[in-house]
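Listing of work37.txt, compact mmCIF, C-alpha atoms
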# COMPACT_ATOMS: atom_id res chain seq x y z
CA MET Q 262 109.58 155.03 183.52
CA THR Q 263 106.61 152.78 183.08
CA ARG Q 264 107.16 149.59 181.04
CA PHE Q 265 104.38 147.89 179.09
CA PRO Q 266 103.58 144.25 179.61
CA SER Q 267 104.65 141.84 176.93
CA ALA Q 268 102.48 140.99 173.92
CA THR Q 269 101.44 137.65 175.46
CA THR Q 270 99.86 139.33 178.44
CA PRO Q 271 96.02 139.52 178.57
CA TYR Q 272 94.26 142.65 177.28
CA SER Q 273 94.23 144.51 180.62
CA ALA Q 274 96.71 144.18 183.40
CA ALA Q 275 97.36 146.13 186.56
CA VAL Q 276 100.84 147.56 186.65
CA SER Q 277 102.14 149.02 189.83
CA ALA Q 278 104.38 151.96 189.03
CA PRO Q 279 107.13 152.90 191.42
CA ALA Q 280 106.49 155.88 193.58
CA ILE Q 281 107.50 159.15 192.01
CA GLY Q 282 107.86 160.93 195.29
CA PRO Q 283 107.88 159.98 198.91
CA SER Q 284 104.16 160.58 199.20
CA SER Q 285 102.75 159.61 195.76
CA SER Q 286 101.97 156.37 194.01
CA VAL Q 287 100.28 155.72 190.63
CA MET Q 288 98.17 152.73 189.64
CA ARG Q 289 97.55 152.44 185.87
CA LEU Q 290 95.51 150.10 183.74
CA GLU Q 291 97.34 149.81 180.44
CA PRO Q 292 95.36 148.37 177.49
CA SER Q 293 97.29 146.38 174.97
CA LEU Q 294 96.50 145.41 171.36
CA PRO Q 295 97.64 142.47 169.30
CA PRO Q 296 101.25 142.76 168.23
CA THR Q 297 100.62 144.59 164.98
CA ALA Q 298 102.55 147.83 165.43
CA PRO Q 299 104.01 149.86 168.24
CA TYR Q 300 101.80 152.53 169.68
CA VAL Q 301 101.55 154.95 172.52
CA SER Q 302 98.52 154.69 174.75
CA ILE Q 303 96.73 157.14 176.96
CA PRO Q 304 96.01 155.93 180.48
CA THR Q 305 92.33 155.18 180.95
CA SER Q 306 92.31 155.92 184.66
CA VAL Q 307 94.84 157.56 186.92
CA SER Q 308 94.47 157.87 190.66
CA HIS Q 309 96.94 159.81 192.74
CA ARG Q 310 97.08 161.77 195.84
CA THR Q 311 98.07 165.36 196.14
CA SER Q 312 101.73 165.90 196.01
CA THR Q 313 103.86 168.89 196.66
CA PRO Q 314 105.06 170.89 193.66
CA ALA Q 315 108.63 170.54 194.83
CA TYR Q 316 109.40 167.77 192.38
CA GLY Q 317 110.40 169.71 189.27
CA PHE Q 318 111.31 166.56 187.35
CA HIS Q 319 107.71 165.33 187.68
CA ALA Q 320 106.36 168.53 186.09
CA SER Q 321 108.47 168.02 182.99
CA SER Q 322 107.63 164.34 182.67
CA ARG Q 323 105.99 163.27 179.38
CA SER Q 324 104.22 160.28 180.86
CA GLN Q 325 100.78 161.99 180.60
CA SER Q 326 101.30 163.91 177.33
CA TRP Q 327 99.57 163.15 174.02
CA PRO Q 328 101.10 160.52 171.72
CA VAL Q 329 103.94 161.46 169.43
CA GLN Q 330 102.92 162.47 165.91
CA GLY Q 331 102.86 159.54 163.55
CA LYS Q 332 101.39 157.08 166.07
CA TYR Q 333 97.73 156.24 166.47
CA LEU Q 334 95.33 155.95 169.39
CA PRO Q 335 94.35 152.51 170.63
CA VAL Q 336 90.67 153.30 170.27
CA ASP Q 337 88.37 152.58 167.32
CA TYR Q 338 85.71 155.15 167.97
CA VAL Q 339 87.88 158.06 166.81
CA ASP Q 340 87.42 157.10 163.17
CA GLU Q 341 83.77 156.42 163.78
CA ILE Q 342 83.25 159.94 165.11
CA ALA Q 343 84.85 161.41 161.98
CA ASN Q 344 82.43 159.46 159.75
CA VAL Q 345 79.22 160.47 161.53
CA PRO Q 346 76.74 161.85 158.91
CA ASP Q 347 75.80 165.50 159.10
CA TYR Q 348 72.25 165.93 160.32
CA GLY Q 349 70.15 168.87 159.27
CA ARG Q 350 67.55 170.85 161.13
CA ASP Q 351 64.95 168.14 160.69
CA GLY Q 352 67.13 165.43 162.19
CA LEU Q 353 67.60 163.66 158.85
CA ALA Q 354 70.97 162.87 157.34
CA SER Q 355 71.87 165.21 154.52
CA THR Q 356 72.65 163.17 151.41
CA SER Q 357 72.29 165.93 148.80
CA PRO Q 358 75.39 167.14 146.96
CA PRO Q 359 76.83 170.58 147.66
CA LEU Q 360 75.04 173.60 146.34
CA GLY Q 361 75.61 174.16 142.63
CA LEU Q 362 76.81 170.64 141.90
CA GLY Q 363 74.84 167.63 140.80
CA ARG Q 364 75.77 164.09 140.09
CA SER Q 365 75.14 162.41 136.79
CA ALA Q 366 74.68 158.72 136.22
CA GLY Q 367 78.43 158.32 135.79
CA GLY Q 368 79.16 160.12 139.02
CA ARG Q 369 80.53 163.23 137.35
CA PRO Q 370 79.45 166.64 138.61
CA GLN Q 371 76.98 168.49 136.43
CA ARG Q 372 77.03 172.23 135.94
CA LYS Q 373 73.95 174.31 136.54
CA PRO Q 374 72.36 175.67 133.35
CA SER Q 375 73.40 179.20 132.54
CA ASN Q 376 71.87 181.92 130.40
CA ARG Q 377 75.28 183.19 129.35
CA ASP Q 378 76.19 183.11 125.67
CA GLU Q 379 79.16 184.08 123.54
CA PHE Q 380 78.48 187.77 124.20
CA ASP Q 381 79.20 187.42 127.94
CA GLY Q 382 82.54 187.02 129.60
CA PRO Q 383 85.98 188.45 128.94
CA GLN Q 384 86.38 187.11 125.38
CA VAL Q 385 84.40 189.90 123.70
CA GLN Q 386 85.36 193.08 121.91
CA PHE Q 387 83.79 196.53 121.91
CA LEU Q 388 84.42 198.97 119.07
CA ALA Q 389 85.31 202.55 119.75
CA PRO Q 390 82.25 204.81 119.35
CA PRO Q 391 82.25 207.07 116.28
CA PRO Q 392 82.93 210.79 116.66
CA SER Q 393 80.08 212.98 117.83
CA ASP Q 394 79.77 214.81 114.51
CA ILE Q 395 79.21 211.53 112.66
CA ILE Q 396 76.57 210.47 115.21
CA ALA Q 397 74.85 213.84 114.79
CA ARG Q 398 74.71 213.43 111.00
CA GLN Q 399 73.35 209.89 111.38
CA GLU Q 400 70.63 210.91 113.83
CA ARG Q 401 69.27 213.84 111.89
CA GLU Q 402 65.79 213.69 110.35
CA MET Q 403 65.39 210.82 107.91
CA PRO Q 404 65.16 211.84 104.24
CA HIS Q 405 61.74 211.61 102.66
CA LEU Q 406 61.28 208.78 100.15
CA PRO Q 407 58.76 209.36 97.38
CA THR Q 408 55.32 207.86 97.94
CA ASN Q 409 53.10 208.41 94.93
CA LEU Q 410 50.69 205.47 95.16
CA LEU Q 411 47.54 205.73 97.22
CA VAL Q 412 46.78 203.25 99.97
CA SER Q 413 44.12 201.51 97.89
CA GLU Q 414 46.53 201.23 94.94
CA GLN Q 415 49.21 199.70 97.15
CA ASP Q 416 46.71 197.20 98.54
CA ASN Q 417 45.65 196.12 95.05
CA VAL Q 418 49.23 195.56 93.93
CA LEU Q 419 50.25 193.59 97.03
CA ALA Q 420 47.07 191.48 96.97
CA ALA Q 421 47.75 190.58 93.34
CA VAL Q 422 51.29 189.46 94.21
CA ASN Q 423 50.06 187.47 97.21
CA ASP Q 424 47.40 185.62 95.22
CA ARG Q 425 49.73 184.83 92.34
CA LEU Q 426 52.40 183.42 94.66
CA SER Q 427 49.80 181.21 96.37
CA GLN Q 428 48.79 179.87 92.95
CA CYS Q 429 52.46 179.31 92.11
CA ALA Q 430 53.08 177.30 95.32
CA PHE Q 431 49.85 175.31 94.79
CA ASP Q 432 50.91 174.28 91.29
CA PHE Q 433 54.45 173.43 92.43
CA VAL Q 434 53.26 171.11 95.23
CA ALA Q 435 50.67 169.46 92.99
CA LYS Q 436 53.08 168.97 90.09
CA TYR Q 437 55.67 167.06 92.10
CA GLN Q 438 53.15 165.45 94.51
CA PHE Q 439 54.71 166.73 97.72
CA PRO Q 440 52.79 165.72 100.87
CA ILE Q 441 50.79 168.32 102.80
CA PRO Q 442 50.29 167.64 106.53
CA ILE Q 443 46.67 167.91 107.65
CA THR Q 444 45.73 168.86 111.21
CA GLN Q 445 42.35 169.01 112.90
CA ASP Q 446 42.13 172.79 112.67
CA MET Q 447 43.08 172.93 108.98
CA ARG Q 448 40.88 171.78 106.13
CA PRO Q 449 42.28 169.87 103.14
CA VAL Q 450 43.73 171.97 100.34
CA GLU Q 451 41.52 172.19 97.28
CA ARG Q 452 42.31 175.70 96.03
CA PRO Q 453 45.31 178.02 96.41
CA GLU Q 454 43.22 180.26 98.66
CA ASP Q 455 42.86 177.47 101.24
CA ARG Q 456 46.29 178.40 102.58
CA GLU Q 457 47.69 181.87 103.14
CA TRP Q 458 51.02 182.75 101.63
CA THR Q 459 52.77 182.47 105.01
CA GLU Q 460 51.43 178.91 105.31
CA TRP Q 461 52.68 178.03 101.83
CA VAL Q 462 56.09 179.41 102.75
CA HIS Q 463 56.15 177.35 105.94
CA LEU Q 464 55.22 174.20 104.00
CA LEU Q 465 57.90 174.75 101.35
CA LYS Q 466 60.54 175.50 103.99
CA ARG Q 467 59.70 172.31 105.91
CA LEU Q 468 59.86 170.26 102.73
CA ALA Q 469 63.26 171.75 101.92
CA THR Q 470 64.75 171.26 105.39
CA LYS Q 471 63.48 167.68 105.46
CA ARG Q 472 65.12 167.13 102.07
CA ARG Q 473 61.84 166.29 100.38
CA ILE Q 474 62.51 168.77 97.57
CA PRO Q 475 65.29 167.64 95.21
CA ALA Q 476 67.57 170.31 93.83
CA ARG Q 477 66.78 169.37 90.24
CA VAL Q 478 63.23 170.76 90.47
CA LEU Q 479 64.53 174.25 91.36
CA TYR Q 480 66.06 176.84 89.08
CA ASN Q 481 69.79 176.10 88.70
CA GLY Q 482 69.49 173.67 91.63
CA GLN Q 483 69.54 176.57 94.11
CA ILE Q 484 68.42 174.52 97.10
CA LYS Q 485 70.63 176.52 99.49
CA GLN Q 486 69.13 179.85 98.40
CA PHE Q 487 65.57 178.48 98.41
CA VAL Q 488 64.75 179.24 102.05
CA THR Q 489 66.25 182.73 101.88
CA ILE Q 490 64.23 183.64 98.80
CA LEU Q 491 61.05 182.40 100.46
CA GLU Q 492 61.70 184.42 103.62
CA ASN Q 493 62.26 187.60 101.61
CA SER Q 494 58.68 187.36 100.36
CA LEU Q 495 57.06 186.88 103.76
CA GLU Q 496 56.26 190.58 104.12
CA MET Q 497 53.95 190.24 101.15
CA ARG Q 498 51.10 188.66 103.06
CA HIS Q 499 51.52 191.04 106.04
CA ALA Q 500 51.37 194.07 103.77
CA ALA Q 501 48.38 192.75 101.82
CA LYS Q 502 46.22 191.63 104.75
CA HIS Q 503 46.86 194.29 107.43
CA GLN Q 504 45.05 197.46 106.45
CA SER Q 505 46.39 199.36 109.48
CA ARG Q 506 49.97 199.17 108.24
CA PRO Q 507 51.83 202.40 107.55
CA LEU Q 508 51.99 203.69 104.01
CA LYS Q 509 54.89 202.20 102.08
CA ASP Q 510 57.14 204.18 99.84
CA ASP Q 511 57.36 203.47 96.13
CA ARG Q 512 60.69 201.67 96.30
CA ASN Q 513 59.38 199.29 98.96
CA ILE Q 514 56.39 198.38 96.80
CA LEU Q 515 58.63 197.59 93.85
CA GLN Q 516 60.93 195.61 96.14
CA LEU Q 517 58.06 193.36 97.27
CA ILE Q 518 57.05 192.70 93.67
CA SER Q 519 60.66 191.83 92.86
CA ALA Q 520 60.76 189.37 95.78
CA GLY Q 521 57.71 187.62 94.30
CA ILE Q 522 59.43 187.43 90.91
CA GLN Q 523 62.39 185.64 92.53
CA VAL Q 524 60.05 183.08 94.11
CA ALA Q 525 58.38 182.31 90.78
CA LYS Q 526 61.81 182.08 89.15
CA ILE Q 527 63.28 179.55 91.60
CA LEU Q 528 60.09 177.45 91.35
CA LYS Q 529 60.54 177.51 87.56
CA ASP Q 530 57.04 178.87 86.95
CA ALA Q 531 57.42 180.86 83.74
CA GLU Q 532 53.77 181.94 83.63
CA ALA Q 533 53.83 183.36 87.19
CA MET Q 534 57.17 185.01 86.57
CA ASP Q 535 55.84 186.71 83.42
CA TYR Q 536 52.73 187.92 85.25
CA LEU Q 537 54.70 189.43 88.11
CA ASP Q 538 57.23 191.02 85.77
CA ARG Q 539 54.44 192.77 83.86
CA LEU Q 540 52.96 193.89 87.19
CA TYR Q 541 56.33 195.33 88.17
CA VAL Q 542 56.65 197.26 84.92
CA SER Q 543 53.10 198.65 85.09
CA THR Q 544 53.47 199.66 88.74
CA GLU Q 545 56.79 201.37 88.09
CA GLN Q 546 55.26 203.26 85.14
CA GLN Q 547 52.34 204.37 87.32
CA ILE Q 548 54.74 205.66 89.97
CA GLN Q 549 56.74 207.63 87.40
CA ASP Q 550 53.60 209.18 85.90
CA ARG Q 551 52.35 210.20 89.33
CA ALA Q 552 55.74 211.69 90.21
CA ALA Q 553 55.80 213.68 86.99
CA VAL Q 554 52.36 215.14 87.71
CA SER Q 555 53.42 216.13 91.23
CA ALA Q 556 56.60 217.79 89.95
CA ALA Q 557 54.67 219.76 87.33
CA ARG Q 558 52.21 220.96 89.94
CA PHE Q 559 54.92 222.54 92.14
CA ARG Q 560 56.76 224.35 89.33
This entry written out as structure tokens:
Amino acid sequence: MTRFPSATTPYSAAVSAPAIGPSSSVMRLEPSLPPTAPYVSIPTSVSHRTSTPAYGFHASSRSQSWPVQGKYLPVDYVDEIANVPDYGRDGLASTSPPLGLGRSAGGRPQRKPSNRDEFDGPQVQFLAPPPSDIIARQEREMPHLPTNLLVSEQDNVLAAVNDRLSQCAFDFVAKYQFPIPITQDMRPVERPEDREWTEWVHLLKRLATKRRIPARVLYNGQIKQFVTILENSLEMRHAAKHQSRPLKDDRNILQLISAGIQVAKILKDAEAMDYLDRLYVSTEQQIQDRAAVSAARFR
């Protein structure tokens, strides 16, 4: 068995190993490291002559096997090979993070943005569909709602509500001196007609969300219901300005007038509220008279 030179020996030394067989001799150059820890080395060069396979003990010798697990190799380039950067197709080292992961300033991985919301994933519930007979009754022809006003009469009523609400918002903003933003494509406000009702609603909503409108200036301090009441009246301008709209039934016309009454009420404009209430009563009376005439005709 080969013996290593002592730790005080120079780095490389020639050790003459005894002959294994009658016709073989081995000359090894054994490298040695500073006396830090025991290790098993691999011979750097081995020269031997052919020998007969008759020596069975030489075949089972472990003198040329790999080191025992738990030891390390006496070479430094093994770790260097493991740390070689991965080069891409262009010959440049790849420094980007793995696909789907990013690095933030703190070094934590960032998730890719997703379009999923609370309706995706396993934590949702689906209701059982109703019976087929219920679906059939729901999908039958819609019942006819009475429509007694002519298109021109509907337009006159809705235009009157739209104009009166614009006057109501104009007076409210002027009374409490709320600021009105001015842009290059909008002229200064001098009359209620300078802004459409949708623009007045947008202004009042922005003032409320920015907490420019105190609750004390509203009816019963209903600041939380203010935006909802304004949004319920938004259909007013669409119905009054778009002549190609479908004909509205009588109940829908009265509903739009009622939405305007609620706006005048929360703005504490008694004059506007009285005007719209009288308009509601007169329109309802006109609808009833027209319905009575139609019923008498088909008797």
**Item:** Counting only C-alpha atoms, the residue of Q:Ser427, Q:Asp432, Q:Ala421, Q:Ala397 that sits nearest Glu454 in chain Q
**Value:**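 Nearest candidate to Glu454 in chain Q out of Q:Ser427, Q:Asp432, Q:Ala421, Q:Ala397: Q:Ser427.
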**d(CA of Val412 in chain Q, CA of Leu508 in chain Q) in Å** = 6.6 Å
**Request:** Could you tell me how far CA of Ala552 in chain Q lies from CA of Asp416 in chain Q, in Å and to one decimal?
**Result:**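 Computing the Euclidean distance for CA of Ala552 in chain Q and CA of Asp416 in chain Q yields 19.0 Å.
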**Asked** Which one of Q:Asp446, Q:Glu400, Q:Asp511, Q:Asp530 sits closest to Val478 in chain Q if you count all atoms listed in the file?
**Response** Q:Asp530
